[in-house]
Amino acid sequence: MVSRKRGNGTLRYEVWQDNGVVTRYNLAYINHLIFAGDNGRVIGYDNRHGYHRHFKGTMEQVDTTSFEEIEQRFEQEWSAVLEEYNAKRNR
């Protein structure tokens with residue numbers, strides 16, 4: 001859970017491994033105050049049907065299959081979304 005002071009929402013990390021190798025993942029930042037569509041998923045990455053990124057209801061392919069790189073991108077992006085949201089909220 002992301003604290004109310006920081007901007008609210010839920011972080012979801014679902015990661016499946018086989019012998020220490022990530023085989024499937026689903027990373028999502030959910031906040032209905034920022035985006036009401038797609039069950040509140042503001043941003044997310046998963047590889048259930050290929051490697052792709054979700055952002056406020058849109059989906060696009062990603063150019064990497066490295067889970068470590070995807071995880072780093074996800075963490076940077078959800079943090080940036082919250083910074084932008086908080087900046088607008090505090091005006």
# chains A, B, ... in the order shown; residues from 1 in each chain; ligands from 1
call {"tool": "residues_around", "arguments": {"residues": "Val2 (chain A)", "least_positions_apart": "5", "cutoff": "12 Å", "atoms": "only C-alpha atoms", "output": "count of residues only"}}
result
12
call {"tool": "residues_around", "arguments": {"residues": "Val21 (chain A)", "least_positions_apart": "3", "cutoff": "12 Å", "atoms": "only C-alpha atoms", "output": "PDB file with N, CA and C atoms, in the first residue's frame"}}
result
ATOM      1  N   VAL A  15       5.300 -12.361  -9.136  1.00  0.00           N
ATOM      2  CA  VAL A  15       6.461 -12.848  -9.884  1.00  0.00           C
ATOM      3  C   VAL A  15       6.554 -14.359  -9.692  1.00  0.00           C
ATOM      4  N   TRP A  16       6.607 -15.090 -10.796  1.00  0.00           N
ATOM      5  CA  TRP A  16       6.741 -16.535 -10.776  1.00  0.00           C
ATOM      6  C   TRP A  16       8.138 -16.899 -11.255  1.00  0.00           C
ATOM      7  N   GLN A  17       8.748 -17.856 -10.574  1.00  0.00           N
ATOM      8  CA  GLN A  17      10.095 -18.280 -10.927  1.00  0.00           C
ATOM      9  C   GLN A  17      10.152 -19.789 -11.110  1.00  0.00           C
ATOM     10  N   ASP A  18      11.114 -20.216 -11.909  1.00  0.00           N
ATOM     11  CA  ASP A  18      11.417 -21.630 -12.082  1.00  0.00           C
ATOM     12  C   ASP A  18      12.926 -21.767 -11.960  1.00  0.00           C
ATOM     13  N   ARG A  24       7.358 -15.516 -15.326  1.00  0.00           N
ATOM     14  CA  ARG A  24       6.137 -14.733 -15.530  1.00  0.00           C
ATOM     15  C   ARG A  24       6.067 -13.650 -14.469  1.00  0.00           C
ATOM     16  N   TYR A  25       5.517 -12.498 -14.851  1.00  0.00           N
ATOM     17  CA  TYR A  25       5.381 -11.412 -13.889  1.00  0.00           C
ATOM     18  C   TYR A  25       4.180 -10.544 -14.219  1.00  0.00           C
ATOM     19  N   SER A  66      14.090  -8.507 -20.266  1.00  0.00           N
ATOM     20  CA  SER A  66      14.804  -8.613 -18.995  1.00  0.00           C
ATOM     21  C   SER A  66      13.894  -8.177 -17.850  1.00  0.00           C
ATOM     22  N   PHE A  67      13.595  -9.095 -16.936  1.00  0.00           N
ATOM     23  CA  PHE A  67      12.740  -8.743 -15.811  1.00  0.00           C
ATOM     24  C   PHE A  67      13.371  -7.640 -14.972  1.00  0.00           C
ATOM     25  N   GLU A  68      14.656  -7.681 -14.776  1.00  0.00           N
ATOM     26  CA  GLU A  68      15.334  -6.669 -13.964  1.00  0.00           C
ATOM     27  C   GLU A  68      15.148  -5.278 -14.556  1.00  0.00           C
TER      28      GLU A  68
END
call {"tool": "residues_around", "arguments": {"residues": "Ile34 (chain A)", "least_positions_apart": "5", "cutoff": "8 Å", "atoms": "only C-alpha atoms", "output": "VMD selection string"}}
result
chain A and resid 40 42 85
call {"tool": "select_by_dssp", "arguments": {"residues": "chain A", "states": "alpha helix (DSSP H)", "output": "list in words"}}
result
Phe67, Glu68, Glu69, Ile70, Glu71, Gln72, Arg73, Phe74, Glu75, Gln76, Glu77, Trp78, Ser79, Ala80, Val81, Leu82, Glu83, Glu84, Tyr85, Asn86, Ala87, Lys88 and Arg89 of chain A
call {"tool": "write_last_selection", "arguments": {"atoms": "N, CA and C atoms", "output": "PDB file, in the first residue's frame"}}
result
ATOM      1  N   PHE A  67      13.595  -9.095 -16.936  1.00  0.00           N
ATOM      2  CA  PHE A  67      12.740  -8.743 -15.811  1.00  0.00           C
ATOM      3  C   PHE A  67      13.371  -7.640 -14.972  1.00  0.00           C
ATOM      4  N   GLU A  68      14.656  -7.681 -14.776  1.00  0.00           N
ATOM      5  CA  GLU A  68      15.334  -6.669 -13.964  1.00  0.00           C
ATOM      6  C   GLU A  68      15.148  -5.278 -14.556  1.00  0.00           C
ATOM      7  N   GLU A  69      15.254  -5.167 -15.888  1.00  0.00           N
ATOM      8  CA  GLU A  69      15.059  -3.882 -16.552  1.00  0.00           C
ATOM      9  C   GLU A  69      13.602  -3.432 -16.457  1.00  0.00           C
ATOM     10  N   ILE A  70      12.681  -4.364 -16.650  1.00  0.00           N
ATOM     11  CA  ILE A  70      11.249  -4.055 -16.535  1.00  0.00           C
ATOM     12  C   ILE A  70      10.931  -3.574 -15.127  1.00  0.00           C
ATOM     13  N   GLU A  71      11.432  -4.261 -14.125  1.00  0.00           N
ATOM     14  CA  GLU A  71      11.176  -3.886 -12.734  1.00  0.00           C
ATOM     15  C   GLU A  71      11.710  -2.486 -12.432  1.00  0.00           C
ATOM     16  N   GLN A  72      12.888  -2.176 -12.933  1.00  0.00           N
ATOM     17  CA  GLN A  72      13.477  -0.848 -12.731  1.00  0.00           C
ATOM     18  C   GLN A  72      12.628   0.230 -13.412  1.00  0.00           C
ATOM     19  N   ARG A  73      12.201  -0.011 -14.643  1.00  0.00           N
ATOM     20  CA  ARG A  73      11.331   0.933 -15.356  1.00  0.00           C
ATOM     21  C   ARG A  73      10.038   1.170 -14.585  1.00  0.00           C
ATOM     22  N   PHE A  74       9.435   0.069 -14.123  1.00  0.00           N
ATOM     23  CA  PHE A  74       8.175   0.159 -13.389  1.00  0.00           C
ATOM     24  C   PHE A  74       8.333   1.027 -12.145  1.00  0.00           C
ATOM     25  N   GLU A  75       9.371   0.782 -11.377  1.00  0.00           N
ATOM     26  CA  GLU A  75       9.579   1.552 -10.150  1.00  0.00           C
ATOM     27  C   GLU A  75       9.790   3.037 -10.445  1.00  0.00           C
ATOM     28  N   GLN A  76      10.543   3.353 -11.485  1.00  0.00           N
ATOM     29  CA  GLN A  76      10.762   4.747 -11.854  1.00  0.00           C
ATOM     30  C   GLN A  76       9.461   5.402 -12.320  1.00  0.00           C
ATOM     31  N   GLU A  77       8.688   4.679 -13.114  1.00  0.00           N
ATOM     32  CA  GLU A  77       7.475   5.254 -13.690  1.00  0.00           C
ATOM     33  C   GLU A  77       6.367   5.457 -12.663  1.00  0.00           C
ATOM     34  N   TRP A  78       6.138   4.484 -11.771  1.00  0.00           N
ATOM     35  CA  TRP A  78       5.065   4.699 -10.802  1.00  0.00           C
ATOM     36  C   TRP A  78       5.438   5.810  -9.841  1.00  0.00           C
ATOM     37  N   SER A  79       6.724   5.948  -9.519  1.00  0.00           N
ATOM     38  CA  SER A  79       7.173   7.052  -8.657  1.00  0.00           C
ATOM     39  C   SER A  79       6.953   8.391  -9.349  1.00  0.00           C
ATOM     40  N   ALA A  80       7.248   8.463 -10.638  1.00  0.00           N
ATOM     41  CA  ALA A  80       7.057   9.700 -11.401  1.00  0.00           C
ATOM     42  C   ALA A  80       5.574  10.064 -11.502  1.00  0.00           C
ATOM     43  N   VAL A  81       4.720   9.069 -11.700  1.00  0.00           N
ATOM     44  CA  VAL A  81       3.282   9.314 -11.762  1.00  0.00           C
ATOM     45  C   VAL A  81       2.797   9.913 -10.447  1.00  0.00           C
ATOM     46  N   LEU A  82       3.264   9.373  -9.334  1.00  0.00           N
ATOM     47  CA  LEU A  82       2.855   9.902  -8.032  1.00  0.00           C
ATOM     48  C   LEU A  82       3.382  11.313  -7.804  1.00  0.00           C
ATOM     49  N   GLU A  83       4.606  11.585  -8.213  1.00  0.00           N
ATOM     50  CA  GLU A  83       5.157  12.939  -8.071  1.00  0.00           C
ATOM     51  C   GLU A  83       4.299  13.937  -8.842  1.00  0.00           C
ATOM     52  N   GLU A  84       3.934  13.583 -10.074  1.00  0.00           N
ATOM     53  CA  GLU A  84       3.107  14.463 -10.896  1.00  0.00           C
ATOM     54  C   GLU A  84       1.724  14.658 -10.262  1.00  0.00           C
ATOM     55  N   TYR A  85       1.132  13.583  -9.794  1.00  0.00           N
ATOM     56  CA  TYR A  85      -0.178  13.643  -9.149  1.00  0.00           C
ATOM     57  C   TYR A  85      -0.131  14.535  -7.903  1.00  0.00           C
ATOM     58  N   ASN A  86       0.883  14.356  -7.085  1.00  0.00           N
ATOM     59  CA  ASN A  86       1.014  15.145  -5.858  1.00  0.00           C
ATOM     60  C   ASN A  86       1.292  16.621  -6.154  1.00  0.00           C
ATOM     61  N   ALA A  87       2.049  16.885  -7.208  1.00  0.00           N
ATOM     62  CA  ALA A  87       2.319  18.281  -7.587  1.00  0.00           C
ATOM     63  C   ALA A  87       1.019  18.984  -7.985  1.00  0.00           C
ATOM     64  N   LYS A  88       0.174  18.302  -8.758  1.00  0.00           N
ATOM     65  CA  LYS A  88      -1.116  18.868  -9.166  1.00  0.00           C
ATOM     66  C   LYS A  88      -2.048  19.034  -7.973  1.00  0.00           C
ATOM     67  N   ARG A  89      -2.028  18.061  -7.094  1.00  0.00           N
ATOM     68  CA  ARG A  89      -2.908  18.068  -5.919  1.00  0.00           C
ATOM     69  C   ARG A  89      -2.536  19.172  -4.941  1.00  0.00           C
TER      70      ARG A  89
END
call {"tool": "closest_residue", "arguments": {"among": "A:Thr65, A:Ser3, A:Asn39, A:Thr58", "to": "Thr23 (chain A)", "atoms": "only C-alpha atoms"}}
result
A:Thr65
call {"tool": "atom_distance", "arguments": {"atom1": "CA of Arg4 (chain A)", "atom2": "CA of Met59 (chain A)"}}
result
27.6 Å
